[in-house]
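Trainee: Here you go, this is target_9.txt (compact mmCIF, C-alpha atoms and all ligand atoms).
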# COMPACT_ATOMS: atom_id res chain seq x y z
CA MET R 24 8.13 -18.37 -10.95
CA PRO R 25 5.08 -17.62 -8.83
CA ASP R 26 3.36 -20.27 -6.74
CA LEU R 27 -0.18 -20.11 -8.13
CA ALA R 28 -1.56 -22.72 -5.72
CA LYS R 29 -0.32 -20.60 -2.84
CA LEU R 30 -1.86 -17.52 -4.46
CA ASP R 31 -5.24 -19.27 -4.69
CA ALA R 32 -5.01 -20.41 -1.09
CA ILE R 33 -4.27 -16.87 0.09
CA LEU R 34 -7.10 -15.44 -2.01
CA SER R 35 -9.64 -17.84 -0.56
CA GLU R 36 -8.38 -17.11 2.95
CA LEU R 37 -8.81 -13.37 2.33
CA LYS R 38 -12.38 -13.80 1.11
CA SER R 39 -13.82 -14.43 4.55
CA PHE R 40 -12.20 -11.23 5.79
CA ASN R 41 -13.36 -9.21 2.80
CA ALA R 42 -9.73 -8.27 2.29
CA ARG R 43 -7.92 -7.57 -0.94
CA LEU R 44 -4.49 -8.77 -2.00
CA VAL R 45 -1.64 -6.73 -3.38
CA ALA R 46 0.83 -9.23 -4.85
CA VAL R 47 4.22 -7.65 -4.21
CA SER R 48 6.34 -8.25 -7.29
CA LYS R 49 9.38 -6.11 -6.47
CA THR R 50 12.66 -7.54 -7.80
CA LYS R 51 10.71 -10.19 -9.75
CA PRO R 52 10.63 -10.17 -13.57
CA ALA R 53 7.71 -8.91 -15.63
CA ASP R 54 7.10 -12.49 -16.81
CA ALA R 55 6.32 -13.55 -13.25
CA VAL R 56 3.79 -10.72 -12.99
CA ARG R 57 2.27 -11.75 -16.31
CA GLU R 58 1.79 -15.30 -15.08
CA VAL R 59 -0.15 -14.11 -12.05
CA LEU R 60 -2.11 -11.65 -14.19
CA ASN R 61 -3.08 -14.42 -16.61
CA HIS R 62 -4.22 -16.44 -13.62
CA GLY R 63 -6.74 -13.66 -12.94
CA HIS R 64 -5.14 -11.49 -10.31
CA ALA R 65 -4.51 -7.87 -11.32
CA ASP R 66 -3.20 -6.01 -8.24
CA PHE R 67 0.58 -5.74 -7.89
CA GLY R 68 2.86 -3.80 -5.57
CA GLU R 69 6.25 -2.28 -6.33
CA ASN R 70 8.47 -0.13 -4.17
CA TYR R 71 10.92 1.44 -6.60
CA VAL R 72 9.73 3.99 -9.14
CA GLN R 73 12.26 2.93 -11.77
CA GLU R 74 11.28 -0.71 -11.57
CA LEU R 75 7.58 0.09 -11.53
CA VAL R 76 7.80 2.30 -14.63
CA GLU R 77 9.80 -0.36 -16.44
CA LYS R 78 7.35 -3.18 -15.65
CA GLN R 79 4.33 -1.02 -16.37
CA SER R 80 5.66 -0.40 -19.87
CA ARG R 81 5.94 -4.14 -20.53
CA LEU R 82 2.61 -5.27 -19.14
CA PRO R 83 -1.06 -4.78 -20.07
CA SER R 84 -2.89 -1.71 -18.81
CA SER R 85 -5.30 -4.01 -16.97
CA VAL R 86 -2.77 -4.24 -14.12
CA ASN R 87 -3.58 -2.20 -11.00
CA TRP R 88 -0.17 -0.93 -9.90
CA HIS R 89 0.27 -0.13 -6.21
CA PHE R 90 3.26 1.92 -5.16
CA ILE R 91 4.23 0.64 -1.71
CA GLY R 92 7.65 2.21 -1.22
CA HIS R 93 8.71 5.64 -0.09
CA LEU R 94 7.83 8.11 -2.80
CA GLN R 95 10.24 10.95 -3.47
CA THR R 96 8.44 14.10 -4.49
CA ASN R 97 10.50 14.53 -7.66
CA LYS R 98 9.43 11.08 -8.91
CA VAL R 99 5.67 11.39 -8.51
CA LYS R 100 5.24 12.54 -12.10
CA GLN R 101 6.74 9.30 -13.43
CA ILE R 102 3.92 7.19 -12.01
CA ALA R 103 1.07 9.70 -11.78
CA GLY R 104 -0.38 8.80 -15.16
CA PHE R 105 -1.15 5.19 -14.29
CA VAL R 106 -0.68 4.36 -10.60
CA HIS R 107 -3.73 2.76 -8.96
CA LEU R 108 -2.93 3.43 -5.30
CA ILE R 109 0.04 5.04 -3.54
CA HIS R 110 0.43 3.44 -0.09
CA GLY R 111 3.26 5.45 1.45
CA ILE R 112 2.32 9.12 1.73
CA ASP R 113 3.72 10.66 4.90
CA SER R 114 4.14 14.37 4.21
CA ILE R 115 2.00 17.28 3.11
CA LYS R 116 4.68 18.02 0.53
CA ALA R 117 4.19 14.61 -1.10
CA LEU R 118 0.42 14.87 -0.89
CA THR R 119 0.49 18.28 -2.55
CA GLU R 120 2.75 16.99 -5.31
CA VAL R 121 0.45 14.03 -5.98
CA ASN R 122 -2.43 16.49 -6.31
CA LYS R 123 -0.40 18.65 -8.69
CA GLN R 124 0.47 15.67 -10.89
CA GLY R 125 -3.13 14.46 -10.67
CA ILE R 126 -4.17 17.78 -12.17
CA ALA R 127 -1.45 17.53 -14.84
CA PHE R 128 -2.58 14.02 -15.83
CA ASN R 129 -6.26 14.82 -15.37
CA ARG R 130 -6.80 12.04 -12.84
CA ILE R 131 -7.86 11.73 -9.24
CA ILE R 132 -5.08 9.74 -7.56
CA ASP R 133 -5.88 7.51 -4.59
CA VAL R 134 -3.40 7.42 -1.71
CA LEU R 135 -2.98 5.93 1.74
CA ILE R 136 -1.27 7.73 4.58
CA GLN R 137 1.58 5.73 6.10
CA VAL R 138 1.68 5.66 9.88
CA HIS R 139 4.69 4.53 11.87
CA ILE R 140 3.38 1.87 14.24
CA ALA R 141 6.50 -0.27 14.73
CA ARG R 142 8.87 -0.16 17.65
CA GLU R 143 11.82 0.10 15.29
CA ASP R 144 13.08 3.52 14.28
CA SER R 145 12.16 4.49 10.77
CA LYS R 146 12.34 7.63 8.72
CA TYR R 147 9.05 6.74 7.16
CA GLY R 148 5.49 7.11 8.29
CA LEU R 149 3.72 9.73 10.39
CA ALA R 150 3.80 9.45 14.15
CA PRO R 151 0.33 8.33 15.29
CA ASP R 152 -0.13 11.48 17.38
CA VAL R 153 0.23 13.83 14.41
CA LEU R 154 -2.20 12.01 12.13
CA SER R 155 -5.22 14.10 13.14
CA ASP R 156 -3.37 17.33 12.41
CA PHE R 157 -2.21 15.93 9.10
CA MET R 158 -5.75 14.98 8.09
CA ASN R 159 -7.07 18.41 9.04
CA GLN R 160 -4.32 20.12 7.08
CA ALA R 161 -5.10 17.94 4.08
CA VAL R 162 -8.78 18.88 4.22
CA ASN R 163 -7.97 22.59 4.55
CA LEU R 164 -5.68 22.51 1.54
CA GLN R 165 -8.59 21.32 -0.62
CA LEU R 166 -6.62 19.17 -3.02
CA PRO R 167 -9.17 18.09 -5.63
CA ASN R 168 -7.01 15.55 -7.51
CA VAL R 169 -5.82 13.45 -4.61
CA ARG R 170 -8.08 11.25 -2.52
CA ILE R 171 -7.04 9.84 0.83
CA ARG R 172 -8.44 6.31 0.86
CA GLY R 173 -7.08 5.13 4.20
CA LEU R 174 -3.99 4.12 6.13
CA MET R 175 -0.97 1.88 5.69
CA GLY R 176 1.45 0.56 8.28
CA MET R 177 4.15 -1.98 8.96
CA ALA R 178 4.58 -3.84 12.23
CA THR R 179 7.89 -4.46 13.97
CA PHE R 180 9.93 -7.28 12.46
CA THR R 181 9.74 -9.71 15.35
CA ASP R 182 8.49 -13.16 16.35
CA ASP R 183 6.48 -11.61 19.16
CA GLU R 184 2.94 -11.96 17.86
CA THR R 185 1.48 -10.08 20.81
CA GLN R 186 3.62 -7.09 19.89
CA ILE R 187 2.64 -7.30 16.22
CA GLY R 188 -1.02 -7.66 17.13
CA SER R 189 -0.99 -4.60 19.38
CA GLU R 190 0.71 -2.49 16.69
CA PHE R 191 -1.87 -3.47 14.10
CA ARG R 192 -4.64 -2.83 16.64
CA ASN R 193 -3.32 0.70 17.13
CA LEU R 194 -3.47 1.34 13.41
CA ARG R 195 -6.96 -0.10 13.21
CA LYS R 196 -8.08 2.29 15.97
CA LEU R 197 -6.69 5.27 14.07
CA PHE R 198 -8.39 4.02 10.93
CA ASP R 199 -11.75 3.76 12.71
CA GLN R 200 -11.37 7.24 14.17
CA HIS R 201 -10.79 8.82 10.79
CA GLN R 202 -13.27 6.72 8.89
CA SER R 203 -16.36 8.25 10.41
CA GLY R 204 -17.93 10.64 7.99
CA SER R 205 -15.67 9.97 5.01
CA PRO R 206 -17.30 7.53 2.57
CA HIS R 207 -14.16 6.91 0.51
CA PHE R 208 -11.85 6.41 3.50
CA ASP R 209 -12.17 2.65 3.25
CA THR R 210 -8.76 1.00 2.96
CA LEU R 211 -6.56 -0.33 5.76
CA SER R 212 -3.35 -1.71 4.26
CA MET R 213 -1.51 -3.84 6.79
CA GLY R 214 0.08 -7.28 6.77
CA MET R 215 2.79 -8.97 4.70
CA SER R 216 3.93 -12.59 4.22
CA SER R 217 5.14 -13.02 7.79
CA ASP R 218 2.28 -11.29 9.61
CA TYR R 219 -0.80 -11.02 7.40
CA LYS R 220 -2.80 -13.53 9.44
CA ILE R 221 -2.39 -11.34 12.51
CA ALA R 222 -3.24 -8.26 10.44
CA LEU R 223 -6.47 -9.84 9.20
CA LYS R 224 -7.49 -10.68 12.75
CA GLU R 225 -6.93 -7.03 13.65
CA GLY R 226 -9.08 -5.71 10.84
CA SER R 227 -6.85 -5.29 7.79
CA ASN R 228 -8.72 -5.17 4.50
CA MET R 229 -5.67 -5.05 2.23
CA VAL R 230 -2.58 -7.20 2.60
CA ARG R 231 0.69 -6.83 0.69
CA ILE R 232 2.24 -10.24 0.10
CA GLY R 233 5.42 -10.85 -1.87
CA SER R 234 7.69 -13.73 -0.94
CA MET R 235 4.90 -16.21 -0.18
CA ILE R 236 3.71 -15.88 -3.77
CA PHE R 237 6.83 -15.04 -5.75
CA GLY R 238 9.45 -16.77 -3.59
CA ASP R 239 12.35 -15.35 -1.62
CA ARG R 240 14.08 -12.25 -2.87
C1 LIG Y 301 8.35 -5.95 0.23
C2 LIG Y 301 7.18 -5.38 0.89
C3 LIG Y 301 6.08 -6.19 1.23
C4 LIG Y 301 6.01 -7.67 0.98
O1 LIG Y 301 6.90 -8.36 1.79
P1 LIG Y 301 6.92 -9.97 1.85
O2 LIG Y 301 7.59 -10.26 3.11
O3 LIG Y 301 7.70 -10.40 0.65
O4 LIG Y 301 5.52 -10.43 1.80
C5 LIG Y 301 4.99 -5.56 1.82
N1 LIG Y 301 4.98 -4.24 2.07
C6 LIG Y 301 6.02 -3.44 1.77
C7 LIG Y 301 5.93 -2.00 2.06
C8 LIG Y 301 7.15 -3.99 1.17
O5 LIG Y 301 8.19 -3.18 0.86
Please render this file's structure as structure tokens.
Ligand SMILES: *Cc1c(COP(=O)(O)O)cnc(C)c1O
Mentor:
Amino acid sequence: MPDLAKLDAILSELKSFNARLVAVSKTKPADAVREVLNHGHADFGENYVQELVEKQSRLPSSVNWHFIGHLQTNKVKQIAGFVHLIHGIDSIKALTEVNKQGIAFNRIIDVLIQVHIAREDSKYGLAPDVLSDFMNQAVNLQLPNVRIRGLMGMATFTDDETQIGSEFRNLRKLFDQHQSGSPHFDTLSMGMSSDYKIALKEGSNMVRIGSMIFGDR
């Protein structure tokens, strides 16, 4: 069951940074989510479509569901009707599909573009040097039912805090570059249980924390 004292401590810590919390509930039962929701926190993150759809059906519509995993194009329609924010967009194909489903569900869907900032290899996230091109392409496509709200990234899994800090700083720089002139480009999602304090120092305004609140998975 969730540690509500820990949740409160994190929330008060975030306040001074003006940062929001996504409580990552993946692999945890709907009852655990309900307990946190009843405590007054409504933002939750899931990274599997199946699990998200299943929990969404069991819980009140007051929950803000964040999709934080890698979204396959053919699954967008399953979450398009209710998802609050999709954190992991890293292709024009996915962006275009979110727009298409946004039109189908008559909603404007908020997304973050995932950037690969870690030293580790990963299939996911745009390389930092192609982000500008991606943003220009997105503008030119004129997708009315998808709104790019900012960036998301994950640092290298390491104890080297200097390394983590410099990766988050890189993402923050990209965020600042693209923020100018776009009023709704306002969300920088970086930091999880092990590194959110570093992320906050580097300018994160949205952290995704799971195990510290819900326990080990
Ligand atoms: C699981 C997950 C988290 C939360 O990780 P914790 O270490 O449990 O805080 C954050 N972001 C993403 C993308 C995740 O998949």
Trainee: Specify the axis-aligned box that encloses all atoms of region 208-224 of chain R listed in the file after padding of 3 Å on each side, stating its centre and edge lengths in Å to one decimal as lines of an AutoDock Vina configuration file.
Mentor:
center_x = -3.5
center_y = -3.6
center_z = 7.9
size_x = 23.3
size_y = 25.9
size_z = 15.8
Trainee: Could you list, as a list in words, all the residues within 6 Å of ligand LIG 301 (chain Y), counting all atoms listed in the file?
Mentor: Val47, Asn70, Ile91, Gly92, Met215, Ser216, Ser217, Arg231, Ile232, Gly233 and Ser234 of chain R
Trainee: In terms of the shortest atom-to-atom distance over only C-alpha atoms, which of R:Thr50, R:Asn163, R:Ser189, R:Asn168 is closest to Ile132 (chain R)?
Mentor: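 For Ile132 (chain R), the nearest of the candidates is R:Asn168.
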Trainee: Closest to Asp113 (chain R) among R:Val138, R:Leu82, R:Ile33, R:Ile126, using only C-alpha atoms?
Mentor: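 Of all the options, R:Val138 lies closest to Asp113 (chain R).
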Trainee: Which residue is closest to Ala141 (chain R)? Choose from R:Gly188, R:Gly111, R:Gly125, R:Gly68 and count all atoms listed in the file.
Mentor: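 Residue with the minimum atom-to-atom distance to Ala141 (chain R): R:Gly188.
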